[in-house]
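So this block is upload.pdb, PDB, C-alpha atoms:
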ATOM      1  CA  MET A   1      57.183  -0.939  49.255  1.00  0.00           C
ATOM      2  CA  TYR A   2      55.269  -2.252  46.272  1.00  0.00           C
ATOM      3  CA  LEU A   3      57.325  -2.104  43.085  1.00  0.00           C
ATOM      4  CA  LYS A   4      55.688  -2.262  39.695  1.00  0.00           C
ATOM      5  CA  ARG A   5      57.250  -4.544  37.140  1.00  0.00           C
ATOM      6  CA  GLY A   6      59.728  -2.734  34.912  1.00  0.00           C
ATOM      7  CA  ARG A   7      60.494   0.048  37.334  1.00  0.00           C
ATOM      8  CA  CYS A   8      64.119   1.089  37.354  1.00  0.00           C
ATOM      9  CA  GLY A   9      66.254   1.704  40.409  1.00  0.00           C
ATOM     10  CA  GLN A  10      66.156   5.483  40.006  1.00  0.00           C
ATOM     11  CA  GLU A  11      62.353   5.482  39.887  1.00  0.00           C
ATOM     12  CA  THR A  12      62.230   3.339  42.997  1.00  0.00           C
ATOM     13  CA  VAL A  13      64.625   5.619  44.873  1.00  0.00           C
ATOM     14  CA  PHE A  14      62.748   8.754  43.757  1.00  0.00           C
ATOM     15  CA  ALA A  15      59.433   7.268  44.902  1.00  0.00           C
ATOM     16  CA  ALA A  16      60.920   6.271  48.249  1.00  0.00           C
ATOM     17  CA  THR A  17      62.705   9.547  48.962  1.00  0.00           C
ATOM     18  CA  VAL A  18      60.789  12.334  47.201  1.00  0.00           C
ATOM     19  CA  HIS A  19      57.251  11.350  46.175  1.00  0.00           C
ATOM     20  CA  THR A  20      55.298   8.522  44.635  1.00  0.00           C
ATOM     21  CA  MET A  21      52.804   8.731  41.799  1.00  0.00           C
ATOM     22  CA  GLU A  22      50.124   9.091  44.477  1.00  0.00           C
ATOM     23  CA  LEU A  23      51.182  12.686  45.078  1.00  0.00           C
ATOM     24  CA  PRO A  24      48.234  14.268  46.894  1.00  0.00           C
ATOM     25  CA  ALA A  25      46.285  17.075  45.286  1.00  0.00           C
ATOM     26  CA  PRO A  26      47.442  20.509  46.416  1.00  0.00           C
ATOM     27  CA  ALA A  27      45.560  22.211  49.216  1.00  0.00           C
ATOM     28  CA  ASP A  28      42.643  24.441  48.286  1.00  0.00           C
ATOM     29  CA  THR A  29      43.160  27.424  50.564  1.00  0.00           C
ATOM     30  CA  GLY A  30      40.542  29.600  48.898  1.00  0.00           C
ATOM     31  CA  ALA A  31      42.929  31.988  47.117  1.00  0.00           C
ATOM     32  CA  PHE A  32      45.485  31.663  44.325  1.00  0.00           C
ATOM     33  CA  VAL A  33      48.371  33.242  46.249  1.00  0.00           C
ATOM     34  CA  THR A  34      47.897  31.020  49.276  1.00  0.00           C
ATOM     35  CA  ASP A  35      47.342  27.954  47.060  1.00  0.00           C
ATOM     36  CA  LEU A  36      50.741  28.691  45.486  1.00  0.00           C
ATOM     37  CA  ALA A  37      52.296  29.101  48.942  1.00  0.00           C
ATOM     38  CA  ALA A  38      50.820  25.757  50.028  1.00  0.00           C
ATOM     39  CA  LEU A  39      52.144  24.120  46.866  1.00  0.00           C
ATOM     40  CA  ILE A  40      55.615  25.548  47.516  1.00  0.00           C
ATOM     41  CA  ASP A  41      55.395  24.224  51.080  1.00  0.00           C
ATOM     42  CA  ASP A  42      54.667  20.782  49.582  1.00  0.00           C
ATOM     43  CA  VAL A  43      57.692  21.086  47.279  1.00  0.00           C
ATOM     44  CA  LEU A  44      59.869  22.133  50.232  1.00  0.00           C
ATOM     45  CA  ALA A  45      58.624  19.168  52.251  1.00  0.00           C
ATOM     46  CA  THR A  46      59.297  16.638  49.496  1.00  0.00           C
ATOM     47  CA  LEU A  47      62.655  17.989  48.312  1.00  0.00           C
ATOM     48  CA  GLY A  48      63.800  19.216  51.715  1.00  0.00           C
ATOM     49  CA  ASN A  49      63.461  16.012  53.690  1.00  0.00           C
ATOM     50  CA  PRO A  50      66.830  14.734  54.947  1.00  0.00           C
ATOM     51  CA  VAL A  51      66.944  11.701  52.657  1.00  0.00           C
ATOM     52  CA  ALA A  52      65.951  13.667  49.542  1.00  0.00           C
ATOM     53  CA  LEU A  53      68.599  16.288  50.294  1.00  0.00           C
ATOM     54  CA  VAL A  54      71.217  13.548  49.966  1.00  0.00           C
ATOM     55  CA  THR A  55      69.748  11.506  47.117  1.00  0.00           C
ATOM     56  CA  VAL A  56      68.191  14.011  44.701  1.00  0.00           C
ATOM     57  CA  PRO A  57      71.404  15.507  43.274  1.00  0.00           C
ATOM     58  CA  GLY A  58      72.765  12.079  42.335  1.00  0.00           C
ATOM     59  CA  LEU A  59      69.404  10.944  41.004  1.00  0.00           C
ATOM     60  CA  LEU A  60      69.165  13.983  38.753  1.00  0.00           C
ATOM     61  CA  ALA A  61      72.653  13.343  37.431  1.00  0.00           C
ATOM     62  CA  GLU A  62      71.667   9.777  36.541  1.00  0.00           C
ATOM     63  CA  ILE A  63      68.307  10.786  35.065  1.00  0.00           C
ATOM     64  CA  THR A  64      69.712  13.537  32.851  1.00  0.00           C
ATOM     65  CA  ALA A  65      72.502  11.252  31.594  1.00  0.00           C
ATOM     66  CA  ASP A  66      69.981   8.756  30.194  1.00  0.00           C
ATOM     67  CA  ALA A  67      67.557  10.030  27.540  1.00  0.00           C
ATOM     68  CA  ASP A  68      65.100   7.145  27.998  1.00  0.00           C
ATOM     69  CA  LEU A  69      65.068   7.605  31.761  1.00  0.00           C
ATOM     70  CA  THR A  70      64.518  11.350  31.307  1.00  0.00           C
ATOM     71  CA  VAL A  71      61.467  10.647  29.155  1.00  0.00           C
ATOM     72  CA  ARG A  72      60.085   8.170  31.704  1.00  0.00           C
ATOM     73  CA  PHE A  73      60.500  10.687  34.519  1.00  0.00           C
ATOM     74  CA  GLN A  74      58.861  13.411  32.413  1.00  0.00           C
ATOM     75  CA  GLN A  75      55.915  11.129  31.643  1.00  0.00           C
ATOM     76  CA  THR A  76      55.458   9.929  35.216  1.00  0.00           C
ATOM     77  CA  PHE A  77      56.762  11.879  38.202  1.00  0.00           C
ATOM     78  CA  MET A  78      57.029  15.263  36.471  1.00  0.00           C
ATOM     79  CA  GLU A  79      53.607  14.848  34.873  1.00  0.00           C
ATOM     80  CA  ARG A  80      52.105  14.146  38.298  1.00  0.00           C
ATOM     81  CA  GLN A  81      53.732  17.363  39.582  1.00  0.00           C
ATOM     82  CA  ARG A  82      52.361  19.298  36.594  1.00  0.00           C
ATOM     83  CA  GLU A  83      48.875  17.916  37.350  1.00  0.00           C
ATOM     84  CA  CYS A  84      49.158  19.462  40.822  1.00  0.00           C
ATOM     85  CA  VAL A  85      50.215  22.802  39.327  1.00  0.00           C
ATOM     86  CA  ARG A  86      47.339  22.624  36.805  1.00  0.00           C
ATOM     87  CA  ALA A  87      44.876  22.017  39.640  1.00  0.00           C
ATOM     88  CA  VAL A  88      46.007  25.233  41.366  1.00  0.00           C
ATOM     89  CA  LEU A  89      45.876  27.202  38.108  1.00  0.00           C
ATOM     90  CA  ASP A  90      42.446  25.833  37.175  1.00  0.00           C
ATOM     91  CA  ARG A  91      41.052  26.752  40.599  1.00  0.00           C
ATOM     92  CA  ALA A  92      42.371  30.286  40.186  1.00  0.00           C
ATOM     93  CA  VAL A  93      40.586  30.555  36.810  1.00  0.00           C
ATOM     94  CA  GLN A  94      37.359  29.176  38.320  1.00  0.00           C
ATOM     95  CA  ARG A  95      37.549  31.761  41.123  1.00  0.00           C
ATOM     96  CA  GLY A  96      38.131  34.555  38.621  1.00  0.00           C
ATOM     97  CA  GLU A  97      41.645  35.265  39.934  1.00  0.00           C
ATOM     98  CA  LEU A  98      43.156  34.476  36.509  1.00  0.00           C
ATOM     99  CA  ASP A  99      41.524  35.047  33.131  1.00  0.00           C
ATOM    100  CA  GLU A 100      43.167  31.922  31.747  1.00  0.00           C
ATOM    101  CA  PRO A 101      45.758  29.517  33.091  1.00  0.00           C
ATOM    102  CA  PRO A 102      49.359  30.340  32.225  1.00  0.00           C
ATOM    103  CA  GLU A 103      51.599  27.676  30.693  1.00  0.00           C
ATOM    104  CA  THR A 104      51.813  24.842  33.211  1.00  0.00           C
ATOM    105  CA  ASP A 105      55.432  23.916  32.439  1.00  0.00           C
ATOM    106  CA  LEU A 106      56.547  27.507  33.019  1.00  0.00           C
ATOM    107  CA  VAL A 107      54.710  27.799  36.341  1.00  0.00           C
ATOM    108  CA  HIS A 108      56.043  24.388  37.404  1.00  0.00           C
ATOM    109  CA  ALA A 109      59.600  25.494  36.650  1.00  0.00           C
ATOM    110  CA  MET A 110      59.067  28.821  38.432  1.00  0.00           C
ATOM    111  CA  LEU A 111      57.848  27.039  41.565  1.00  0.00           C
ATOM    112  CA  VAL A 112      60.326  24.160  41.723  1.00  0.00           C
ATOM    113  CA  GLY A 113      63.394  25.973  40.383  1.00  0.00           C
ATOM    114  CA  PRO A 114      63.880  28.465  43.229  1.00  0.00           C
ATOM    115  CA  VAL A 115      63.198  25.800  45.869  1.00  0.00           C
ATOM    116  CA  PHE A 116      65.704  23.492  44.186  1.00  0.00           C
ATOM    117  CA  ALA A 117      68.311  26.258  43.986  1.00  0.00           C
ATOM    118  CA  TRP A 118      67.737  27.196  47.607  1.00  0.00           C
ATOM    119  CA  LEU A 119      67.997  23.635  48.924  1.00  0.00           C
ATOM    120  CA  PHE A 120      70.697  22.165  46.684  1.00  0.00           C
ATOM    121  CA  MET A 121      72.846  25.065  45.521  1.00  0.00           C
ATOM    122  CA  ILE A 122      72.611  27.742  48.185  1.00  0.00           C
ATOM    123  CA  ARG A 123      71.927  25.159  50.890  1.00  0.00           C
ATOM    124  CA  GLY A 124      70.061  27.689  52.968  1.00  0.00           C
ATOM    125  CA  GLN A 125      67.632  27.199  55.762  1.00  0.00           C
ATOM    126  CA  SER A 126      63.932  27.210  55.038  1.00  0.00           C
ATOM    127  CA  PRO A 127      63.043  30.245  52.918  1.00  0.00           C
ATOM    128  CA  ARG A 128      60.395  31.101  55.504  1.00  0.00           C
ATOM    129  CA  SER A 129      63.268  32.244  57.745  1.00  0.00           C
ATOM    130  CA  SER A 130      63.737  35.359  55.615  1.00  0.00           C
ATOM    131  CA  PRO A 131      60.765  37.687  55.097  1.00  0.00           C
ATOM    132  CA  ALA A 132      62.708  39.379  52.303  1.00  0.00           C
ATOM    133  CA  ILE A 133      62.336  36.278  50.140  1.00  0.00           C
ATOM    134  CA  TRP A 134      59.139  34.779  51.505  1.00  0.00           C
ATOM    135  CA  PRO A 135      56.144  36.574  52.978  1.00  0.00           C
ATOM    136  CA  PRO A 136      55.223  35.593  56.514  1.00  0.00           C
ATOM    137  CA  GLY A 137      52.549  32.964  56.694  1.00  0.00           C
TER
END
Show me the file's structure as structure tokens.
Amino acid sequence: MYLKRGRCGQETVFAATVHTMELPAPADTGAFVTDLAALIDDVLATLGNPVALVTVPGLLAEITADADLTVRFQQTFMERQRECVRAVLDRAVQRGELDEPPETDLVHAMLVGPVFAWLFMIRGQSPRSSPAIWPPG
């Protein structure tokens, strides 16, 4: 793995276990609802991999305990995630599915929060296993 100068251990671990700054653009499925579903699938894949399931809780504890590290993560990894959310929202506006994009941070939190709770707090199987909480797809 190529490490940039000045990168801290937590950033290196996050990049190795969750995602790098080269996070691919979200899939364009042709519709807002299915774009969101594809984005959630991406979040499930990155946070739900076996290594991330073990490392993310400890990483978050370390990140939130250090104000400077929190800012770095917000400006790097979280910003890259928000860019992906913005791409989905902008496509929906271009298609006429939304009049204007909602607040990116709110949508980001609404997408990642439930997945995080499901994987790390409830520790359930993939949400796709329950049609009551996830439409078939």
- Message: Using all atoms listed in the file, can you tell me which of A:Ala109, A:Thr34, A:Phe116, A:Glu97 comes closest to Gly48 (chain A)?
- Response: A:Phe116
Decode the PyMOL selection byres ((chain A and resi 26) around 12) for the given file into explicit residues and return them as a PDB file with C-alpha atoms, keeping the file's coordinate frame.
ATOM      1  CA  GLU A  22      50.124   9.091  44.477  1.00  0.00           C
ATOM      2  CA  LEU A  23      51.182  12.686  45.078  1.00  0.00           C
ATOM      3  CA  PRO A  24      48.234  14.268  46.894  1.00  0.00           C
ATOM      4  CA  ALA A  25      46.285  17.075  45.286  1.00  0.00           C
ATOM      5  CA  ALA A  27      45.560  22.211  49.216  1.00  0.00           C
ATOM      6  CA  ASP A  28      42.643  24.441  48.286  1.00  0.00           C
ATOM      7  CA  THR A  29      43.160  27.424  50.564  1.00  0.00           C
ATOM      8  CA  GLY A  30      40.542  29.600  48.898  1.00  0.00           C
ATOM      9  CA  PHE A  32      45.485  31.663  44.325  1.00  0.00           C
ATOM     10  CA  THR A  34      47.897  31.020  49.276  1.00  0.00           C
ATOM     11  CA  ASP A  35      47.342  27.954  47.060  1.00  0.00           C
ATOM     12  CA  LEU A  36      50.741  28.691  45.486  1.00  0.00           C
ATOM     13  CA  ALA A  37      52.296  29.101  48.942  1.00  0.00           C
ATOM     14  CA  ALA A  38      50.820  25.757  50.028  1.00  0.00           C
ATOM     15  CA  LEU A  39      52.144  24.120  46.866  1.00  0.00           C
ATOM     16  CA  ILE A  40      55.615  25.548  47.516  1.00  0.00           C
ATOM     17  CA  ASP A  41      55.395  24.224  51.080  1.00  0.00           C
ATOM     18  CA  ASP A  42      54.667  20.782  49.582  1.00  0.00           C
ATOM     19  CA  VAL A  43      57.692  21.086  47.279  1.00  0.00           C
ATOM     20  CA  ARG A  80      52.105  14.146  38.298  1.00  0.00           C
ATOM     21  CA  GLN A  81      53.732  17.363  39.582  1.00  0.00           C
ATOM     22  CA  ARG A  82      52.361  19.298  36.594  1.00  0.00           C
ATOM     23  CA  GLU A  83      48.875  17.916  37.350  1.00  0.00           C
ATOM     24  CA  CYS A  84      49.158  19.462  40.822  1.00  0.00           C
ATOM     25  CA  VAL A  85      50.215  22.802  39.327  1.00  0.00           C
ATOM     26  CA  ARG A  86      47.339  22.624  36.805  1.00  0.00           C
ATOM     27  CA  ALA A  87      44.876  22.017  39.640  1.00  0.00           C
ATOM     28  CA  VAL A  88      46.007  25.233  41.366  1.00  0.00           C
ATOM     29  CA  LEU A  89      45.876  27.202  38.108  1.00  0.00           C
ATOM     30  CA  ASP A  90      42.446  25.833  37.175  1.00  0.00           C
ATOM     31  CA  ARG A  91      41.052  26.752  40.599  1.00  0.00           C
TER      32      ARG A  91
END
- Nearest to Arg95 (chain A), chosen from A:Leu53, A:Ala31, A:Met110, A:Ile122, with only C-alpha atoms counted in the distances: A:Ala31
- Counting only C-alpha atoms, figure out which residue out of A:Val112, A:Val93, A:Leu98, A:Ile63 gets nearest to Leu44 (chain A). A:Val112
- Task: Could you jot down the CA of Glu79 (chain A) to CA of Gly96 (chain A) separation for me, Å, one decimal place?
- Result: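 Rounded to one decimal, the two atoms are 25.3 Å apart.
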